[in-house]
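Shown next: protein.txt, given as compact mmCIF, C-alpha atoms and all ligand atoms.
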```txt
# COMPACT_ATOMS: atom_id res chain seq x y z
CA MET W 1 4.77 25.06 12.95
CA ILE W 2 4.92 23.03 16.15
CA ALA W 3 5.97 19.39 15.65
CA LEU W 4 5.38 16.98 18.51
CA GLN W 5 7.66 13.94 18.55
CA PRO W 6 6.11 11.39 20.89
CA ARG W 7 8.02 8.25 21.84
CA SER W 8 5.07 6.02 22.83
CA LEU W 9 1.50 5.34 21.72
CA ASP W 10 0.25 6.61 25.11
CA GLU W 11 1.97 9.92 24.45
CA VAL W 12 0.36 10.10 20.99
CA LEU W 13 -3.09 9.41 22.40
CA GLN W 14 -2.69 11.94 25.20
CA SER W 15 -1.61 14.61 22.70
CA LEU W 16 -4.54 13.80 20.40
CA GLU W 17 -6.96 13.97 23.32
CA ASP W 18 -5.61 17.40 24.24
CA ASP W 19 -5.80 18.58 20.60
CA PRO W 20 -7.79 16.40 18.15
CA ALA W 21 -6.84 18.84 15.35
CA LEU W 22 -3.17 17.78 15.45
CA VAL W 23 -2.09 16.57 11.99
CA PRO W 24 -0.45 13.13 12.12
CA THR W 25 2.66 12.85 9.95
CA ALA W 26 4.54 9.73 8.87
CA GLY W 27 6.74 9.57 5.73
CA CYS W 28 5.36 12.96 4.55
CA THR W 29 5.44 11.82 0.91
CA ASP W 30 1.84 12.96 0.51
CA LEU W 31 1.83 15.82 3.01
CA MET W 32 4.89 17.57 1.63
CA VAL W 33 3.56 17.72 -1.92
CA ARG W 34 0.28 19.35 -0.94
CA GLY W 35 1.51 22.86 -1.65
CA PRO W 36 2.34 25.87 0.50
CA GLU W 37 -1.23 26.82 1.41
CA ALA W 38 -2.05 23.40 2.80
CA LEU W 39 1.27 23.29 4.64
CA HIS W 40 0.64 26.71 6.20
CA GLU W 41 -2.65 25.44 7.62
CA MET W 42 -0.79 22.78 9.58
CA ASP W 43 0.04 24.71 12.75
CA ARG W 44 0.60 21.64 14.86
CA VAL W 45 1.71 18.24 13.65
CA ILE W 46 2.47 15.01 15.45
CA ASP W 47 5.24 12.86 14.01
CA LEU W 48 4.36 9.17 14.34
CA LEU W 49 7.67 7.76 13.09
CA GLY W 50 9.31 7.56 16.53
CA VAL W 51 6.53 5.48 18.10
CA PRO W 52 7.60 1.82 18.41
CA GLU W 53 4.05 0.49 18.83
CA LEU W 54 3.14 1.76 15.34
CA ARG W 55 6.02 0.10 13.56
CA GLY W 56 6.86 -3.34 12.20
CA ILE W 57 5.24 -6.60 11.20
CA GLN W 58 4.08 -9.16 13.71
CA GLU W 59 2.47 -12.56 13.53
CA VAL W 60 -0.77 -12.74 15.54
CA ALA W 61 -3.33 -15.53 15.87
CA GLY W 62 -4.63 -16.23 12.35
CA GLY W 63 -2.70 -13.55 10.50
CA LEU W 64 -0.16 -10.75 10.37
CA GLU W 65 -0.39 -7.25 11.79
CA ILE W 66 1.45 -4.45 10.04
CA GLY W 67 2.11 -1.26 11.99
CA ALA W 68 0.90 1.97 10.39
CA THR W 69 4.38 3.48 10.03
CA THR W 70 5.86 0.41 8.37
CA SER W 71 7.34 1.52 5.06
CA PHE W 72 6.68 -0.12 1.72
CA SER W 73 10.37 -1.11 1.59
CA GLU W 74 9.97 -2.96 4.89
CA ILE W 75 6.88 -4.68 3.52
CA ARG W 76 8.78 -5.71 0.37
CA ARG W 77 11.62 -7.14 2.45
CA SER W 78 9.49 -9.00 4.99
CA ALA W 79 9.71 -12.77 4.58
CA ALA W 80 6.41 -13.17 6.45
CA VAL W 81 4.53 -10.80 4.14
CA ARG W 82 6.16 -12.28 1.06
CA ALA W 83 5.04 -15.76 2.10
CA ALA W 84 1.47 -14.92 3.08
CA PHE W 85 0.51 -11.81 1.12
CA PRO W 86 2.38 -11.59 -2.18
CA ALA W 87 -0.28 -9.24 -3.57
CA LEU W 88 0.67 -6.64 -0.95
CA VAL W 89 4.36 -7.08 -1.77
CA ALA W 90 3.53 -6.58 -5.46
CA ALA W 91 1.68 -3.35 -4.64
CA ALA W 92 4.48 -2.15 -2.33
CA SER W 93 6.99 -2.70 -5.13
CA LEU W 94 5.07 -0.35 -7.43
CA VAL W 95 4.50 2.57 -5.05
CA GLY W 96 6.68 5.32 -6.57
CA GLY W 97 10.40 4.56 -6.77
CA TRP W 98 12.78 3.22 -4.12
CA GLN W 99 13.20 6.57 -2.41
CA ILE W 100 9.44 6.88 -1.98
CA GLN W 101 9.12 3.26 -0.84
CA ASN W 102 11.74 3.94 1.86
CA ARG W 103 9.71 6.84 3.28
CA ALA W 104 6.09 6.08 2.40
CA THR W 105 4.12 4.16 5.01
CA LEU W 106 1.18 1.78 4.73
CA GLY W 107 -0.80 3.83 7.27
CA GLY W 108 -0.12 7.02 5.30
CA ASN W 109 -1.36 5.39 2.10
CA MET W 110 -4.55 4.28 3.87
CA ALA W 111 -5.22 7.54 5.73
CA ASN W 112 -4.41 9.68 2.71
CA ALA W 113 -7.29 7.78 1.10
CA SER W 114 -6.54 8.65 -2.51
CA PRO W 115 -8.69 6.46 -4.80
CA ALA W 116 -5.39 5.76 -6.62
CA GLY W 117 -3.59 4.48 -3.50
CA ASP W 118 -1.99 1.20 -4.57
CA SER W 119 -2.31 -0.70 -1.31
CA LEU W 120 -6.01 0.07 -0.85
CA PRO W 121 -7.59 -2.51 -3.22
CA VAL W 122 -5.17 -5.12 -1.87
CA LEU W 123 -6.29 -4.50 1.70
CA LEU W 124 -9.89 -4.70 0.54
CA ALA W 125 -9.39 -7.96 -1.35
CA LEU W 126 -7.51 -9.43 1.62
CA ASP W 127 -10.39 -8.53 3.98
CA ALA W 128 -8.11 -6.52 6.23
CA VAL W 129 -9.11 -5.03 9.57
CA VAL W 130 -7.90 -1.57 10.57
CA VAL W 131 -6.95 -1.09 14.21
CA ALA W 132 -7.54 2.59 14.99
CA ALA W 133 -6.25 4.27 18.14
CA GLY W 134 -7.76 7.28 19.87
CA ALA W 135 -8.23 8.77 23.31
CA ARG W 136 -10.91 6.14 24.04
CA GLY W 137 -8.53 3.30 23.19
CA LEU W 138 -8.31 0.93 20.26
CA ARG W 139 -11.17 -0.02 17.95
CA GLU W 140 -11.37 -2.24 14.91
CA ILE W 141 -12.78 -1.15 11.55
CA PRO W 142 -13.34 -3.74 8.80
CA TYR W 143 -11.50 -2.45 5.74
CA ALA W 144 -14.71 -2.61 3.72
CA GLY W 145 -16.03 0.24 5.92
CA PHE W 146 -12.81 2.26 6.19
CA HIS W 147 -13.11 4.43 3.07
CA THR W 148 -16.35 6.36 3.45
CA GLY W 149 -16.07 8.79 0.51
CA TYR W 150 -13.61 10.64 -1.69
CA ARG W 151 -10.53 11.04 0.53
CA LYS W 152 -12.67 10.35 3.60
CA THR W 153 -12.15 7.59 6.13
CA ALA W 154 -14.01 6.20 9.12
CA LEU W 155 -11.33 7.61 11.46
CA ARG W 156 -12.85 9.96 14.03
CA PRO W 157 -11.24 13.27 14.97
CA GLY W 158 -8.26 12.49 17.18
CA GLU W 159 -7.95 8.93 15.89
CA ILE W 160 -5.04 7.47 13.96
CA VAL W 161 -4.39 4.21 12.14
CA ALA W 162 -2.33 2.12 14.57
CA ARG W 163 -2.00 -1.03 12.50
CA VAL W 164 -3.77 -3.24 10.01
CA ARG W 165 -4.50 -6.93 10.46
CA LEU W 166 -4.43 -9.32 7.50
CA PRO W 167 -6.10 -12.69 8.09
CA TYR W 168 -4.28 -15.63 6.51
CA LEU W 169 -6.06 -17.02 3.48
CA PRO W 170 -7.09 -20.69 3.44
CA GLU W 171 -4.63 -23.25 2.09
CA GLY W 172 -4.51 -23.23 -1.72
CA SER W 173 -5.68 -19.62 -2.13
CA VAL W 174 -4.34 -17.44 -4.89
CA GLN W 175 -3.63 -13.71 -4.88
CA ALA W 176 -2.86 -11.30 -7.67
CA PHE W 177 -2.25 -7.60 -8.16
CA ARG W 178 -2.04 -5.48 -11.30
CA LYS W 179 -1.53 -1.77 -11.73
CA VAL W 180 -1.99 0.08 -15.00
CA GLY W 181 -0.28 3.44 -15.20
CA THR W 182 1.08 5.71 -17.89
CA ARG W 183 4.33 3.75 -17.82
CA GLU W 184 5.72 0.63 -16.17
CA ALA W 185 7.33 2.29 -13.15
CA GLN W 186 6.81 5.39 -11.04
CA ALA W 187 3.32 6.11 -12.28
CA ILE W 188 0.15 6.86 -10.39
CA SER W 189 -2.42 4.27 -11.35
CA LYS W 190 -5.14 4.66 -13.96
CA VAL W 191 -6.57 1.35 -12.76
CA VAL W 192 -5.42 -0.95 -10.00
CA VAL W 193 -6.91 -4.36 -9.21
CA ALA W 194 -6.32 -6.99 -6.53
CA LEU W 195 -7.66 -10.53 -6.35
CA ALA W 196 -7.84 -13.08 -3.56
CA GLY W 197 -9.59 -16.36 -4.22
CA ARG W 198 -9.59 -20.12 -4.14
CA VAL W 199 -10.43 -22.87 -6.56
CA ALA W 200 -11.81 -26.06 -5.03
CA GLU W 201 -12.74 -29.20 -6.96
CA GLY W 202 -12.28 -27.37 -10.25
CA ARG W 203 -14.66 -24.50 -9.36
CA ILE W 204 -14.12 -20.94 -8.21
CA ALA W 205 -15.12 -21.40 -4.58
CA GLU W 206 -14.09 -18.03 -3.18
CA LEU W 207 -13.30 -14.75 -4.86
CA ARG W 208 -12.72 -11.22 -3.70
CA LEU W 209 -11.89 -8.66 -6.38
CA ALA W 210 -11.18 -5.03 -5.54
CA ALA W 211 -10.27 -2.07 -7.73
CA GLY W 212 -8.87 1.41 -7.29
CA SER W 213 -8.97 4.56 -9.45
CA VAL W 214 -12.37 3.60 -10.87
CA ALA W 215 -14.56 5.32 -8.24
CA ALA W 216 -14.29 7.81 -5.38
CA THR W 217 -13.12 5.03 -3.06
CA PRO W 218 -11.57 1.62 -3.65
CA VAL W 219 -14.42 -0.77 -4.47
CA ARG W 220 -15.18 -4.47 -4.29
CA LEU W 221 -16.24 -5.76 -7.71
CA ARG W 222 -19.15 -7.74 -6.36
CA ALA W 223 -20.98 -8.27 -9.65
CA ALA W 224 -17.82 -9.72 -11.19
CA GLU W 225 -17.32 -11.97 -8.17
CA GLU W 226 -20.91 -13.21 -8.32
CA ALA W 227 -20.76 -13.74 -12.08
CA VAL W 228 -18.12 -16.44 -11.77
CA ARG W 229 -18.60 -18.02 -8.34
CA GLY W 230 -19.00 -21.76 -8.83
CA LEU W 231 -17.73 -21.74 -12.43
CA SER W 232 -14.64 -23.51 -13.72
CA PRO W 233 -11.78 -21.03 -13.98
CA GLY W 234 -10.84 -20.43 -17.61
CA PRO W 235 -11.43 -18.06 -20.53
CA ALA W 236 -15.25 -18.14 -20.32
CA ALA W 237 -15.32 -17.27 -16.61
CA ALA W 238 -12.61 -14.66 -17.10
CA ASP W 239 -14.61 -12.97 -19.88
CA LEU W 240 -17.72 -12.91 -17.70
CA ALA W 241 -15.86 -11.41 -14.76
CA GLY W 242 -14.20 -8.76 -16.92
CA ARG W 243 -17.46 -7.68 -18.52
CA ALA W 244 -19.32 -7.58 -15.21
CA ALA W 245 -16.54 -5.50 -13.65
CA ALA W 246 -16.62 -2.97 -16.48
CA ARG W 247 -20.40 -2.61 -16.07
CA GLU W 248 -20.43 -2.13 -12.31
CA VAL W 249 -17.99 0.80 -12.00
CA THR W 250 -18.47 4.49 -12.73
CA PRO W 251 -15.02 5.87 -13.35
CA ILE W 252 -14.38 9.54 -14.08
CA ASP W 253 -12.35 11.46 -16.68
CA ASP W 254 -9.43 13.25 -15.04
CA VAL W 255 -5.84 14.27 -15.71
CA ARG W 256 -4.61 10.68 -15.51
CA SER W 257 -7.11 8.93 -17.76
CA THR W 258 -10.54 8.90 -19.32
CA ALA W 259 -13.49 7.02 -17.90
CA ASP W 260 -13.68 4.96 -21.10
CA TYR W 261 -10.06 3.88 -20.90
CA ARG W 262 -10.39 3.01 -17.22
CA ARG W 263 -13.41 0.83 -17.93
CA PHE W 264 -11.61 -0.84 -20.84
CA ALA W 265 -8.44 -1.43 -18.80
CA LEU W 266 -10.43 -2.72 -15.83
CA GLU W 267 -12.19 -5.29 -18.01
CA ARG W 268 -8.87 -6.54 -19.41
CA VAL W 269 -7.12 -6.66 -16.07
CA VAL W 270 -9.96 -8.45 -14.28
CA ARG W 271 -10.12 -10.92 -17.16
CA ARG W 272 -6.40 -11.59 -16.91
CA LEU W 273 -6.40 -11.99 -13.13
CA VAL W 274 -9.37 -14.38 -13.16
CA LEU W 275 -7.74 -16.33 -15.99
CA GLY W 276 -4.72 -16.69 -13.72
CA MET W 277 -6.83 -18.78 -11.32
CA ALA W 278 -7.08 -21.56 -13.92
C1 LIG R 1 6.92 10.98 -6.21
C2 LIG R 1 5.77 10.27 -5.54
C3 LIG R 1 5.31 9.09 -6.08
C4 LIG R 1 4.23 8.41 -5.48
N1 LIG R 1 3.80 7.25 -6.04
C5 LIG R 1 2.78 6.59 -5.47
C6 LIG R 1 2.30 5.38 -6.06
O1 LIG R 1 2.80 4.90 -7.07
N2 LIG R 1 1.27 4.74 -5.43
C7 LIG R 1 0.68 5.23 -4.30
O2 LIG R 1 -0.24 4.59 -3.78
N3 LIG R 1 1.11 6.38 -3.74
C8 LIG R 1 2.13 7.07 -4.29
N4 LIG R 1 2.56 8.25 -3.73
C9 LIG R 1 1.86 8.77 -2.56
C10 LIG R 1 2.49 8.45 -1.20
O3 LIG R 1 3.85 8.09 -1.32
C11 LIG R 1 1.74 7.30 -0.48
O4 LIG R 1 0.37 7.58 -0.39
C12 LIG R 1 2.31 7.02 0.90
O5 LIG R 1 1.92 5.74 1.32
C13 LIG R 1 1.90 8.03 1.97
O6 LIG R 1 2.52 7.64 3.19
P1 LIG R 1 3.32 8.67 4.09
O7 LIG R 1 3.84 7.91 5.25
O8 LIG R 1 4.33 9.43 3.32
O9 LIG R 1 2.12 9.64 4.52
P2 LIG R 1 2.13 11.18 4.97
O10 LIG R 1 2.44 12.05 3.80
O11 LIG R 1 2.99 11.36 6.18
O12 LIG R 1 0.61 11.33 5.37
C14 LIG R 1 -0.42 11.20 4.41
C15 LIG R 1 -1.78 11.48 5.07
O13 LIG R 1 -2.09 10.47 5.99
C16 LIG R 1 -2.18 11.00 7.33
N5 LIG R 1 -1.56 9.97 8.16
C17 LIG R 1 -0.33 9.42 8.01
N6 LIG R 1 -0.17 8.40 8.86
C18 LIG R 1 -1.33 8.30 9.57
C19 LIG R 1 -1.78 7.41 10.58
N7 LIG R 1 -1.04 6.41 11.06
N8 LIG R 1 -3.04 7.58 11.07
C20 LIG R 1 -3.82 8.59 10.60
N9 LIG R 1 -3.44 9.46 9.65
C21 LIG R 1 -2.21 9.30 9.13
C22 LIG R 1 -1.52 12.35 7.29
O14 LIG R 1 -2.09 13.25 8.24
C23 LIG R 1 -1.82 12.78 5.86
O15 LIG R 1 -3.14 13.29 5.78
C24 LIG R 1 3.63 8.95 -4.30
C25 LIG R 1 4.13 10.14 -3.74
C26 LIG R 1 5.18 10.79 -4.36
C27 LIG R 1 5.68 12.07 -3.74
```
Before we go any further, please render this structure as structure tokens.
Amino acid sequence: MIALQPRSLDEVLQSLEDDPALVPTAGCTDLMVRGPEALHEMDRVIDLLGVPELRGIQEVAGGLEIGATTSFSEIRRSAAVRAAFPALVAAASLVGGWQIQNRATLGGNMANASPAGDSLPVLLALDAVVVAAGARGLREIPYAGFHTGYRKTALRPGEIVARVRLPYLPEGSVQAFRKVGTREAQAISKVVVALAGRVAEGRIAELRLAAGSVAATPVRLRAAEEAVRGLSPGPAAADLAGRAAAREVTPIDDVRSTADYRRFALERVVRRLVLGMA
């Protein structure tokens, strides 16, 4: 295996232009558990961890940008992320254990595109924008269009995730995150839900709900959002949102859970998160 170790984004882009089939690697917490056959197919990899432009958390006009190779531990520790995006911190705190959080990157979670990826519904609920980098430069992809199918993304051959931009939410907004797994810690999710919303003058004025592990990609729960927009937050609205969410998803049975349990858990979690807006 040939492993390129570029030291700048320009070097990465040049290498990807020369060979768009290069496999980007970051924390390798997904790549290294893919099994020997998959690993043997990776003749040439490009290690992104030594590229300063892909790392760290920066304030930009109207939001924060998080570099693709920023680890979940760095996200947990960041005062800026904790202040503005507690739902992302909550998700980061539940990705595997500490050892995984020290290695695993946000960009790797996104690009790996597992429907169970914990950060994915959060990025969707926060209306994130992906900044992709390729030989033709940078381009922006709204997060809602990033996951195009089961384990598929809108990245083109030779493109990588460079960073993700999170727009600040309006004053008075609330955020929430909940993951249901087989146990409290170190579990891959059966259902994962994120909420971003705002109550104004006693009514739910804005609401974005997103869920993972209930479809081939993370999904916005638009029927649930619509069901309660304009209502007073409380048990009645929470019930409506939960029931609408359970109706609008088509989960599958797999090794981690049954479709029925996922639908049941989604209803309860959405209900609880919407109730939390009251
Ligand atoms: C024990 C264990 C527990 C885990 N628990 C969880 C969990 O609870 N929740 C969860 O969501 N995940 C979990 N994971 C999965 C994994 O840790 C995360 O998905 C992690 O964020 C992947 O990041 P990484 O940097 O290790 O990616 P890598 O393994 O380096 O890469 C993953 C994929 O993304 C591609 N890639 C990486 N970076 C980029 C980039 N910048 N641009 C384009 N492509 C890129 C790679 O080519 C590869 O296809 C767990 C993994 C393990 C081994």
Excluding range 258-263 of chain W and residues on its chain fewer than 5 positions from it, collect all residues at most 9 Å away from it, counting all atoms listed in the file, and give them as a PDB file with C-alpha atoms, in the coordinates of the input.
```
ATOM      1  CA  LYS W 190      -5.140   4.660 -13.960  1.00  0.00           C
ATOM      2  CA  VAL W 191      -6.570   1.350 -12.760  1.00  0.00           C
ATOM      3  CA  SER W 213      -8.970   4.560  -9.450  1.00  0.00           C
ATOM      4  CA  VAL W 214     -12.370   3.600 -10.870  1.00  0.00           C
ATOM      5  CA  ALA W 245     -16.540  -5.500 -13.650  1.00  0.00           C
ATOM      6  CA  ALA W 246     -16.620  -2.970 -16.480  1.00  0.00           C
ATOM      7  CA  ARG W 247     -20.400  -2.610 -16.070  1.00  0.00           C
ATOM      8  CA  VAL W 249     -17.990   0.800 -12.000  1.00  0.00           C
ATOM      9  CA  THR W 250     -18.470   4.490 -12.730  1.00  0.00           C
ATOM     10  CA  PRO W 251     -15.020   5.870 -13.350  1.00  0.00           C
ATOM     11  CA  ILE W 252     -14.380   9.540 -14.080  1.00  0.00           C
ATOM     12  CA  ASP W 253     -12.350  11.460 -16.680  1.00  0.00           C
ATOM     13  CA  ARG W 268      -8.870  -6.540 -19.410  1.00  0.00           C
TER      14      ARG W 268
END
```
* To do: Skip Ala200 in chain W itself and residues of its chain fewer than 4 positions away, then list as a list in words all residues within 10 Å of it, counting all atoms listed in the file.
  =>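 Residues meeting the cut-off are Gly172, Ser173, Ile204, Ala205, Glu206, Gly230 and Ser232 of chain W.
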Could you take the residues named above and write them with C-alpha atoms, as an mmCIF file, in the coordinates of the input?
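Okay, this is what ended up in part-v4.cif:
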```
data_model
loop_
_atom_site.group_PDB
_atom_site.id
_atom_site.type_symbol
_atom_site.label_atom_id
_atom_site.label_comp_id
_atom_site.auth_asym_id
_atom_site.auth_seq_id
_atom_site.Cartn_x
_atom_site.Cartn_y
_atom_site.Cartn_z
ATOM 1 C CA GLY W 172 -4.510 -23.230 -1.720
ATOM 2 C CA SER W 173 -5.680 -19.620 -2.130
ATOM 3 C CA ILE W 204 -14.120 -20.940 -8.210
ATOM 4 C CA ALA W 205 -15.120 -21.400 -4.580
ATOM 5 C CA GLU W 206 -14.090 -18.030 -3.180
ATOM 6 C CA GLY W 230 -19.000 -21.760 -8.830
ATOM 7 C CA SER W 232 -14.640 -23.510 -13.720
#
```
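Here CA of Val164 in chain W is placed at a distance of 11.6 Å from CA of Leu120 in chain W.
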* Asked: If you measure from atom N7 of ligand LIG 1 (chain R) to CA of Leu195 in chain W, what distance in Å do you get, rounded to one decimal?
  ->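 About the pair atom N7 of ligand LIG 1 (chain R) and CA of Leu195 in chain W: they are 25.2 Å apart.
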* To do: Choose the residue, out of W:Gly276, W:Phe146, W:Asp254, W:Arg163, that has the smallest atom-to-atom separation from Arg198 in chain W; count all atoms listed in the file.
  =>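 Using all atoms listed in the file, the shortest distance to Arg198 in chain W belongs to W:Gly276.
Of the listed residues W:Ile160, W:Val255, W:Val51, W:Val199, the one whose atoms come nearest to Ala278 in chain W is W:Val199, with distances taken using all atoms listed in the file.
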* **Residue contacts of Leu221 in chain W (6 Å, all atoms listed in the file) excluding same-chain residues fewer than 3 positions away, as JSON, numbers by chain** => {"W": [209, 210, 224, 245]}
* Between W:Gln101, W:Thr217, W:Gln5, W:Asn112, which is the closest to ligand LIG 1 (chain R) once you count only C-alpha atoms and all ligand atoms? -> W:Asn112
* Structure fact -> Pairwise distance, atom N5 of ligand LIG 1 (chain R) with CA of Asn109 in chain W, equals 7.6 Å
* Asked: From the list W:Gly137, W:Gly27, W:Gly97, W:Pro36, which residue is nearest ligand LIG 1 (chain R) when using all atoms listed in the file?
  -> W:Gly27
* Tell me, as a PyMOL selection string, which residues lie within 10 Å of Gly50 in chain W, counting all atoms listed in the file; anything in the same chain fewer than 5 positions away does not count. => chain W and resi 5-9+26+55+69
* Residue neighbourhood Pro86 in chain W, 12 Å, all atoms listed in the file, exclusion window fewer than 6 positions, as an MDAnalysis selection string -> chainID W and resid 75:80 92:93 119 122:123 126 168:169 173:178 194:196
* Structure fact -> Judged by all atoms listed in the file, the minimum distance to Thr105 in chain W among W:Glu184, W:Asp30, W:Glu37, W:Asp127 is found for W:Asp30
